[in-house]
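Q: Have a look at this one.
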Amino acid sequence: MAHPLEASTHTSPDNQQQTAVAVSDLIKTVVARNGELTILSGLNLQIKSGESAAIVGASGSGKSTLLGILAGLDQPSAGSVVLADTRIDHLDEDSRARVRGEHVGFVFQSFQLLPNLTALENVMLPLELVGRKDAFKRADDLLKRVGLDQRTDHYPRQLSGGEQQRVAIARAFAGEPDILFADEPTGNLDEKTGEKIIDLLFQVNRENGTTLVLVTHDLSLASRCDRVLHLHGGVLKEAE
Amino acid sequence: MSRVASIKASSFKDNTALSWRFMIRDWRAGELWLLVLSLIMAVSVSTAISLFSDRLQLALGHQVAEVLGADMVIRSPRPLQDTISAGAKEQGLELSTVLEFPSVVLAGDEMQLVSAKAVENNYPLRGYMRGAPQPFAEDEPLEYTPAPGEAWLEPRLFPLLDVKIGDVVTLGETELRVTRAITLETDRGGDFYSLSPRLMFNMQDLEATGVIQPGSRVNWKTLLAGNARQLQGFQNWTSGKLDASEKLVMADDSRRDLRNSVVRLKQFLGLASMAAILLAGIAVAMASRRFAERRFDNTAIMRCFGGSRRQVLNLLVGELVLVAFLVAIPGVALGWLLQAGIVSLLKGILPAWLPQPGLTPLLVGGATGIITLLGFGLAPLLRLQNVSPLRVLRRELAPAPASSWLVYALSLSAMILLLWYHTGQLMMTAGLVMTGAVILVSISLGVQLLLLLVDKRTSGKPMPLYWRLGVKRMVQQRGHSSAQLLAFSLTFMAMAIVLVLRTDLLDRWQKDLPEDTPNYFALNIQPEDVDNYELFLENSDIDTSGLYPIVRGRLVQINGVDVRQAVSKEQRGHNSLNRELNMTWSPELPESNTLLEGEWWQPGSADGLSVEEEIAEHLGIDIGDQLTFMVSGRKVTETVTSIRKVQWESFQPNFYMIFPKEALKDLPASWLNSFYLESEDRVQLNQLITHFPTLTLLDLDSVIGQVRNMLEQSIVAVEAMLAALLLAGLLVMASVIESSIDHRLQEGALIRSLGGSRRQLVFMQAGEFIILGAVSGLVAAAGTELCSYWLNTQVFELSWEPVWWLWGALPLLGAVVIGFSGWLGVQRVVRQSPSNILKGL
């Protein structure tokens with residue numbers, strides 16, 4: 001079924017070695033009280049399709065800012081960003097939203113489930129936004145895959161943190177994204193639950209052949225990725 | 001259909017379907033109840049008010065029509081032209097012809113001047129007659145007219161003619177059998193002073209009496225009744241077709257005593273509906289603001305997953321529009337029930353027959369929901385357009401507030417649109433709303449400035465924790481605080497204005513018609529009988545307003561110029577020039593009169609003339625003008641020294657022209673007296689009439705009862721409005737408190753997790769509401785004074801006095817009511833376990 005918003009601006013990569021995310025000379029500055037503050041200074045990065053990459057760094061190093069720009073949630077001050085073969089740094093918000101809707105999935109530290117929707121409805125939401133008729137069936141399947149088939153009618157407040165994050169993972173994969181961005185996915189969970197969630201995340205990721213970009217300060221979690229990138233002083237360095 | 005169009009149509013359909021699903025989910029999750037409640041209130045209050053005032057106005061119109069005996073009357077000295085009556089029938093109007101003429105009736109040796117009235121079988125078309133089987137017995141409504149060969153007499157005619165029921169009287173050349181005493185025809189009214197006792201008979205006997213000859217002085221009245229459209233159509237049709245002697249009178253402008261009350265009531269109902277709709281609007285605005293704020297996260301997530309700004313906005317606006325449409329149906333139904341409830345509660349007080357309302361009030365009621373939602377609720381929703389998807393990573397990113405001109409423009413237009421319908425006056429409404437808006441914006445800015453000042457003064461100074469937190473929050477959220485304050489102030493103000501005006505109106509009506517309003521007028525008291533008459537009243541213990549001499553005269557010259565030349569063509573039509581005026585002399589200004597210009601004469605002065613305001617204005621008479629009257633063949637000339645306002649609805653003897661005693665005392669005069677008599681003392685009237693056979697007695701008891709009855713209905717209507725307003729006000733408060741609850745839940749949880757006790761929390765939250773309530777009360781008191789001054793002096797033409805108790809009562813009431821509702825609202829904050837709330841952060 002065609003996307004109800006508009007036709008896609010690119011074709012999906014068939015080749016596994018194609019680039020999923022690429023940035024070059026990326027600069028991000030913000031206006032602060034005592035002048036301009038540079039968060040990212042001339043950053044270059046390429047992540048191939050199907051690859052998993054972890055961005056690690058101390059608090060305030062700009063990890064989340066970078067993630068926001070890579071995922072098209074924010075715009076860089078300078079430099080180019082290519083996401084799923086589309087250059088997004090010069091696109092307006094609505095065009096970026098379209099790219100996100102077609103190619104990107106998200107998992108957040110604070111789960112970001114809508115409190116007034118049930119688990120099932122939360123997973124259905126991205127599908128409904130693009131007018132998918134099989135939203136219900138697919139969401140139901142996904143919740144089964146993350147082991148929540150008994151919880152579909154529960155509201156987020158009736159779920160534990162781990163369960164909420166599973167719903168978020170099911171939701172992230174609902175739209176069959178090419179690239180999944182995860183922002184501290186275990187940050188709000190205890191160690192044991194966090195591990196289970198990460199297992200689930202990697203498992204679903206493998207099954208779908210999705211590119212995974214993960215922001216974390218947990219080095220053991222980072223080490224499970226194909227690549228680990230350190231963000232420090234606004235520059236990325238690849239770990240050996 | 002082209003492909004593009006079909007895509008558009010299908011995406012519209014998809015969007016609507018999605019909006020629908022969103023709405024169902026939000027409803028299930030309890031997100032919509034406040035908005036739905038506010039909308040239902042806006043719709044039902046508006047519907048109920050429209051319906052009720054529509055029906056009441058129709059009913060009041062009918063009552064005025066009753067006083068006229070018809071919706072429209074054409075008076076003429078000859079029977080109405082056939083073409084005109086044919087035209088009226090063509091328009092679908094009902095017709096009834098009435099003839100009134102003075103005549104003499106004989107019974108044995110007795111003979112009496114009467115005011116004879118011939119009526120057709122369908123008389124009266126509006127209103128009713130009352131009569132009794134015996135004179136001076138308890139009367140009852142009559143549904144029929146005198147049959148051919150019958151005569152009905154006014155009770156006082158029985159002793160004057162010395163007849164009883166069943167006797168025969170002679171009118172002209174025919175004999176009629178007396179079958180009933182007639183006490184009231186609702187359309188009698190008219191000029192009290194020249195009224196002889198009534199004799200009513202059937203129109204079929206008219207020819208047999210032979211009294212109507214060419215040149216006879218008679219009054220033909222053609223009564224007409226129908227719906228507003230037919231009447232208007234007929235009135236337009238007659239323009240240019242009636243000849244100069246045929247005068248058309250509409251029910252609306254017939255009776256001065258009723259008219260003022262009706263006009264005031266209409267204005268009051270309009271005002272009360274304005275207040276109620278304003279309150280409903282505030283409630284909707286507050287509820288939709290909360291709805292929007294709670295959707296920041298939803299919007300960010302949807303944007304994250306690829307929804308465009310437009311799509312997300314369409315979805316949410318679509319959801320709200322669906323809500324508005326769905327609410328319209330139960331809202332209108334509830335409004336109808338509310339109105340029906342009021343009507344059935346007031347059975348016995350309201351007119352027995354309330355006309356059915358038209359469809360328009362229902363449609364307007366339904367549309368009110370959509371208009372208030374669009375006007376007051378759209379602006380906060382438009383903010384959602386600017387929610388950044390980055391909010392999913394950084395929660396503190398809230399969209400910029402909706403641009404204020406948009407908020408104001410939308411809500412102002414909505415207000416104007418709604419009020420325009422309710423008041424029917426575009427310019428006045430627009431002016432009022434705009435002025436109100438400017439004042440409100442200034443108050444809002446003033447409050448924000450004040451908060452900043454308070455902050456500056458108190459920062460760094462020792463203050464109890466609760467106060468400090470309360471003040472800090474109000475200062476930090478200046479916009480929100482001032483919006484809350486305005487909402488509360490407006491609520492209090494709307495209620496206070498209606499309450500104050502209600503009191504003023506009731507006072508005024510009470511003053512117009514006190515318990516001992518004279519219900520009998522005695523006319524034609526001869527000068528030689530004056531002393532005996534006064535003695536009789538004193539011995540019978542009857543309260544009286546004193547005796548007034550009446551001198552009848554015709555105005556013939558103004559400043560020495562013949563009156564026909566002195567005035568313009570339009571002025572010439574004034575009644576006062578076509579008949580003799582009742583003039584009196586008086587050493588002092590009568591009680592129900594107010595001096596507008598000039599001065600009252602000194603006792604003993606022979607010069608001076610005081611003229612009633614309306615006639616002076618109509619004929620262009622000013623102080624210093626010389627008026628010449630023809631009294632019994634003598635010319636009397638006096639210079640105008642004062643202009644008076646007369647309270648016509650007072651049922652006291654009132655006069656157009658008052659002279660000093662010296663100016664009129666040698667002219668022929670009869671005397672006039674009005675007095676109050678309780679109904680059980682009515683037998684004394686018999687004695688009065690036999691003692692003073694020349695005296696004409698006029699019974700106003702039924703007319704006063706009629707007016708009083710109508711005022712009572714009006715009071716009930718006014719009180720029903722007040723109740724509706726109170727309901728609206730409470731909902732606004734619930735809305736405002738609810739709209740701030742999310743914030744308070746978070747803050748309360750934090751404070752408790754930091755070790756704050758429940759007590760501290762309650763003190764802190766309630767303290768803020770108490771301050772807010774007290775300040776709102778103060779603002780409301782100032783606003784009420786201002787508005788009631790304007791309304792009293794400019795709209796209702798009542799006198800104005802500052803209402804001092806408001807300044808104490810409103811702040812106190814505000815502190816108590818808002819403090820208490822705040823306390824109720826924050827119970828949830830106190831009861832919730834902090835971890836639950838913090839988990840949701």
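Every chain in the structure tokens has a letter given in the order shown (A, B, ...), and although residue numbers restart at 1 in each chain, ligands are simply numbered from 1 in the order shown.
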Set out as a tab-separated table a contact list for chain A and chain B with a cut-off of 6 Å, giving each residue of chain A that qualifies its closest atom pair and distance in Å to one decimal, counting only C-alpha atoms, ordered by chain and rising residue number.

A:
residue	atom	partner	partner_atom	distance
A:Leu73	CA	B:Leu390	CA	5.5
A:Asp94	CA	B:Ser308	CA	4.9
A:Ala97	CA	B:Gly306	CA	4.1
A:Arg98	CA	B:Gly306	CA	5.0
A:Arg100	CA	B:Gly306	CA	5.0
A:Gly101	CA	B:Gly306	CA	3.5
A:Asn116	CA	B:Ala29	CA	5.2
A:Pro126	CA	B:Phe305	CA	5.7

Q: Write out, as a compact mmCIF listing (two decimals), in the first residue's frame, the residues just selected, with C-alpha atoms.

A:
# COMPACT_ATOMS: atom_id res chain seq x y z
CA LEU A 73 14.93 14.99 14.84
CA ASP A 94 7.84 17.75 7.60
CA ALA A 97 9.28 13.44 9.33
CA ARG A 98 8.46 11.58 6.12
CA ARG A 100 11.67 9.07 9.61
CA GLY A 101 8.26 7.53 9.07
CA ASN A 116 -3.65 7.26 27.39
CA PRO A 126 3.08 4.43 13.87

Q: Show me, as a list of chain:residue names, the residues that have an atom within 7 Å of region 483-486 of chain B when counting only C-alpha atoms, minus same-chain residues fewer than 2 positions from it.

A: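 Residues meeting the cut-off are B:Ser444, B:Gly479, B:His480, B:Ser481, B:Phe488, B:Ser489, B:Leu490, B:Val736, B:Leu772, B:Ser776.
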
Q: DSSP on the backbone, then: every residue of region 1-227 of chain A marked strand (DSSP E), written as a PDB file with C-alpha atoms, in the first residue's frame.

A:
ATOM      1  CA  THR A  19      25.540   3.178   3.721  1.00  0.00           C
ATOM      2  CA  ALA A  20      22.596   3.628   6.139  1.00  0.00           C
ATOM      3  CA  VAL A  21      23.821   6.771   7.899  1.00  0.00           C
ATOM      4  CA  ALA A  22      26.564   9.138   6.786  1.00  0.00           C
ATOM      5  CA  VAL A  23      27.614  12.515   8.150  1.00  0.00           C
ATOM      6  CA  SER A  24      30.482  14.695   7.120  1.00  0.00           C
ATOM      7  CA  ASP A  25      31.953  17.815   8.695  1.00  0.00           C
ATOM      8  CA  LEU A  26      29.047  17.945  11.115  1.00  0.00           C
ATOM      9  CA  ILE A  27      28.988  20.974  13.380  1.00  0.00           C
ATOM     10  CA  LYS A  28      26.399  21.776  16.036  1.00  0.00           C
ATOM     11  CA  THR A  29      26.511  24.933  18.049  1.00  0.00           C
ATOM     12  CA  VAL A  30      23.911  26.300  20.419  1.00  0.00           C
ATOM     13  CA  VAL A  31      23.472  29.809  21.727  1.00  0.00           C
ATOM     14  CA  ALA A  32      24.184  29.874  25.436  1.00  0.00           C
ATOM     15  CA  GLY A  35      28.097  33.169  23.769  1.00  0.00           C
ATOM     16  CA  GLU A  36      28.023  30.260  21.361  1.00  0.00           C
ATOM     17  CA  LEU A  37      28.697  26.783  22.615  1.00  0.00           C
ATOM     18  CA  THR A  38      30.056  24.155  20.204  1.00  0.00           C
ATOM     19  CA  ILE A  39      28.735  20.681  20.951  1.00  0.00           C
ATOM     20  CA  LEU A  40      29.830  18.824  17.840  1.00  0.00           C
ATOM     21  CA  SER A  41      32.817  20.118  15.894  1.00  0.00           C
ATOM     22  CA  GLY A  42      33.494  18.757  12.409  1.00  0.00           C
ATOM     23  CA  LEU A  43      32.369  15.225  12.910  1.00  0.00           C
ATOM     24  CA  ASN A  44      32.528  12.470  10.223  1.00  0.00           C
ATOM     25  CA  LEU A  45      30.815   9.085  10.397  1.00  0.00           C
ATOM     26  CA  GLN A  46      29.512   6.309   8.157  1.00  0.00           C
ATOM     27  CA  ILE A  47      27.400   3.401   9.315  1.00  0.00           C
ATOM     28  CA  LYS A  48      26.661   0.622   6.842  1.00  0.00           C
ATOM     29  CA  SER A  52      25.266  -2.075  14.738  1.00  0.00           C
ATOM     30  CA  ALA A  53      27.112   0.888  16.200  1.00  0.00           C
ATOM     31  CA  ALA A  54      27.306   2.183  19.771  1.00  0.00           C
ATOM     32  CA  ILE A  55      28.054   5.828  20.530  1.00  0.00           C
ATOM     33  CA  VAL A  56      29.503   6.148  24.002  1.00  0.00           C
ATOM     34  CA  ALA A  78      26.758  22.888   9.359  1.00  0.00           C
ATOM     35  CA  GLY A  79      27.745  19.725   7.513  1.00  0.00           C
ATOM     36  CA  SER A  80      25.740  17.105   5.681  1.00  0.00           C
ATOM     37  CA  VAL A  81      23.634  14.243   6.983  1.00  0.00           C
ATOM     38  CA  VAL A  82      22.495  11.381   4.772  1.00  0.00           C
ATOM     39  CA  LEU A  83      19.919   9.025   6.209  1.00  0.00           C
ATOM     40  CA  THR A  86      18.402  10.821   1.521  1.00  0.00           C
ATOM     41  CA  ARG A  87      20.242  13.992   2.392  1.00  0.00           C
ATOM     42  CA  VAL A 104      13.506   4.962  11.171  1.00  0.00           C
ATOM     43  CA  GLY A 105      12.496   3.374  14.471  1.00  0.00           C
ATOM     44  CA  PHE A 106      13.198   4.659  17.979  1.00  0.00           C
ATOM     45  CA  VAL A 107      13.702   3.267  21.471  1.00  0.00           C
ATOM     46  CA  ILE A 179      17.526   1.915  10.915  1.00  0.00           C
ATOM     47  CA  LEU A 180      16.776   1.760  14.632  1.00  0.00           C
ATOM     48  CA  PHE A 181      18.018   4.486  16.973  1.00  0.00           C
ATOM     49  CA  ALA A 182      18.145   3.654  20.665  1.00  0.00           C
ATOM     50  CA  ASP A 183      18.874   6.286  23.302  1.00  0.00           C
ATOM     51  CA  THR A 211      20.862  -1.096  11.188  1.00  0.00           C
ATOM     52  CA  LEU A 212      21.186  -0.238  14.881  1.00  0.00           C
ATOM     53  CA  VAL A 213      22.578   2.994  16.270  1.00  0.00           C
ATOM     54  CA  LEU A 214      22.741   2.980  20.036  1.00  0.00           C
ATOM     55  CA  VAL A 215      23.687   5.713  22.459  1.00  0.00           C
ATOM     56  CA  THR A 216      24.821   4.543  25.866  1.00  0.00           C
ATOM     57  CA  ARG A 227      31.425  -0.859  16.268  1.00  0.00           C
TER      58      ARG A 227
END

Q: Find the residues near Lys241 (chain B): any atom within 8 Å, counting only C-alpha atoms, skip ones fewer than 3 places away on the same chain, and give them as number ranges by chain.

A: B: 84, 237-238

Q: With distances taken over only C-alpha atoms, which of A:Gly62, A:Gly233, A:Arg145, A:Ala239 is nearest to Leu219 (chain A)?

A: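 So, comparing all the options, the nearest one is A:Ala239.
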
Q: Hey, what does DSSP flag as helix (DSSP H, G or I) within region 468-694 of chain B? Can you give it to me as JSON, numbers by chain?

A: {"B": [468, 469, 470, 471, 472, 473, 474, 475, 476, 478, 479, 480, 481, 482, 483, 484, 485, 486, 487, 488, 489, 490, 491, 492, 493, 494, 495, 496, 497, 498, 499, 500, 501, 502, 503, 504, 505, 506, 507, 508, 509, 510, 511, 512, 527, 528, 529, 530, 531, 532, 533, 534, 535, 536, 537, 538, 539, 540, 563, 564, 565, 566, 569, 570, 571, 572, 575, 576, 577, 613, 614, 615, 616, 617, 618, 619, 648, 649, 650, 661, 662, 663, 664, 679, 680, 681, 684, 685, 686, 687, 688, 689, 690, 691]}

Q: Kindly indicate which residue among A:Lys137, A:Gly147, A:Asp89, A:Ser223 lies nearest to Ser77 (chain A), using only C-alpha atoms for the distances.

A: A:Asp89

Q: Rounded to one decimal, what separation in Å do you get between CA of Thr503 (chain B) and CA of Ala782 (chain B)?

A: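 Computing it gives 18.1 Å between the two atoms.
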
Q: Name all residues at most 12 Å from Glu100 (chain B) (count only C-alpha atoms; drop same-chain ones fewer than 4 positions away) and give them as a VMD selection string.

A: chain B and resid 75 to 79 114 to 119 188 195 to 196 198 to 203 206 211 to 212 216 to 222

Q: Would you output that residue set with C-alpha atoms, as a PDB file, in the first residue's frame?

A:
ATOM      1  CA  ARG B  75     -58.518  52.140  14.890  1.00  0.00           C
ATOM      2  CA  SER B  76     -60.777  54.176  12.677  1.00  0.00           C
ATOM      3  CA  PRO B  77     -63.815  56.485  12.962  1.00  0.00           C
ATOM      4  CA  ARG B  78     -65.608  54.401  10.276  1.00  0.00           C
ATOM      5  CA  PRO B  79     -65.699  50.654   9.581  1.00  0.00           C
ATOM      6  CA  VAL B 114     -72.220  54.496  29.454  1.00  0.00           C
ATOM      7  CA  SER B 115     -69.334  53.467  27.271  1.00  0.00           C
ATOM      8  CA  ALA B 116     -71.024  50.928  25.027  1.00  0.00           C
ATOM      9  CA  LYS B 117     -69.032  48.234  23.297  1.00  0.00           C
ATOM     10  CA  ALA B 118     -70.351  45.969  20.553  1.00  0.00           C
ATOM     11  CA  VAL B 119     -68.320  42.831  19.982  1.00  0.00           C
ATOM     12  CA  ARG B 188     -59.723  48.167  28.235  1.00  0.00           C
ATOM     13  CA  LEU B 195     -64.200  56.359  30.933  1.00  0.00           C
ATOM     14  CA  SER B 196     -67.851  55.829  31.654  1.00  0.00           C
ATOM     15  CA  ARG B 198     -69.083  49.640  30.405  1.00  0.00           C
ATOM     16  CA  LEU B 199     -72.042  48.085  28.700  1.00  0.00           C
ATOM     17  CA  MET B 200     -71.166  45.233  26.351  1.00  0.00           C
ATOM     18  CA  PHE B 201     -73.484  43.723  23.800  1.00  0.00           C
ATOM     19  CA  ASN B 202     -73.458  41.634  20.646  1.00  0.00           C
ATOM     20  CA  MET B 203     -72.540  43.228  17.313  1.00  0.00           C
ATOM     21  CA  LEU B 206     -76.007  47.087  16.675  1.00  0.00           C
ATOM     22  CA  VAL B 211     -77.569  54.760  17.565  1.00  0.00           C
ATOM     23  CA  ILE B 212     -74.997  54.806  14.785  1.00  0.00           C
ATOM     24  CA  SER B 216     -71.788  59.854  15.152  1.00  0.00           C
ATOM     25  CA  ARG B 217     -68.624  59.994  17.262  1.00  0.00           C
ATOM     26  CA  VAL B 218     -67.681  56.328  17.438  1.00  0.00           C
ATOM     27  CA  ASN B 219     -64.473  54.278  17.551  1.00  0.00           C
ATOM     28  CA  TRP B 220     -64.163  51.278  15.302  1.00  0.00           C
ATOM     29  CA  LYS B 221     -61.417  48.853  16.198  1.00  0.00           C
ATOM     30  CA  THR B 222     -60.396  45.991  13.958  1.00  0.00           C
TER      31      THR B 222
END

Q: Could you tell me how far CA of Thr83 (chain B) lies from CA of Thr186 (chain B), in Å and to one decimal?

A: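 Between CA of Thr83 (chain B) and CA of Thr186 (chain B) the gap works out to 28.5 Å.
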
Q: Kindly indicate which residue among A:His217, A:Arg132, A:Arg96, A:His90 lies nearest to Gly72 (chain A), using only C-alpha atoms for the distances.

A: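 Residue with the minimum atom-to-atom distance to Gly72 (chain A): A:Arg96.
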
Q: Could you check which of B:Asn122, B:Thr16, B:Thr179, B:Gln571 is closest to Glu617 (chain B), using only C-alpha atoms?

A: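 Of all the options, B:Gln571 lies closest to Glu617 (chain B).
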
Q: Write out as a list in words the residues lying within 10 Å of Gly446 (chain B), counting only C-alpha atoms and excluding same-chain residues fewer than 6 positions away.

A: Leu440, Leu452 and Ser482 of chain B
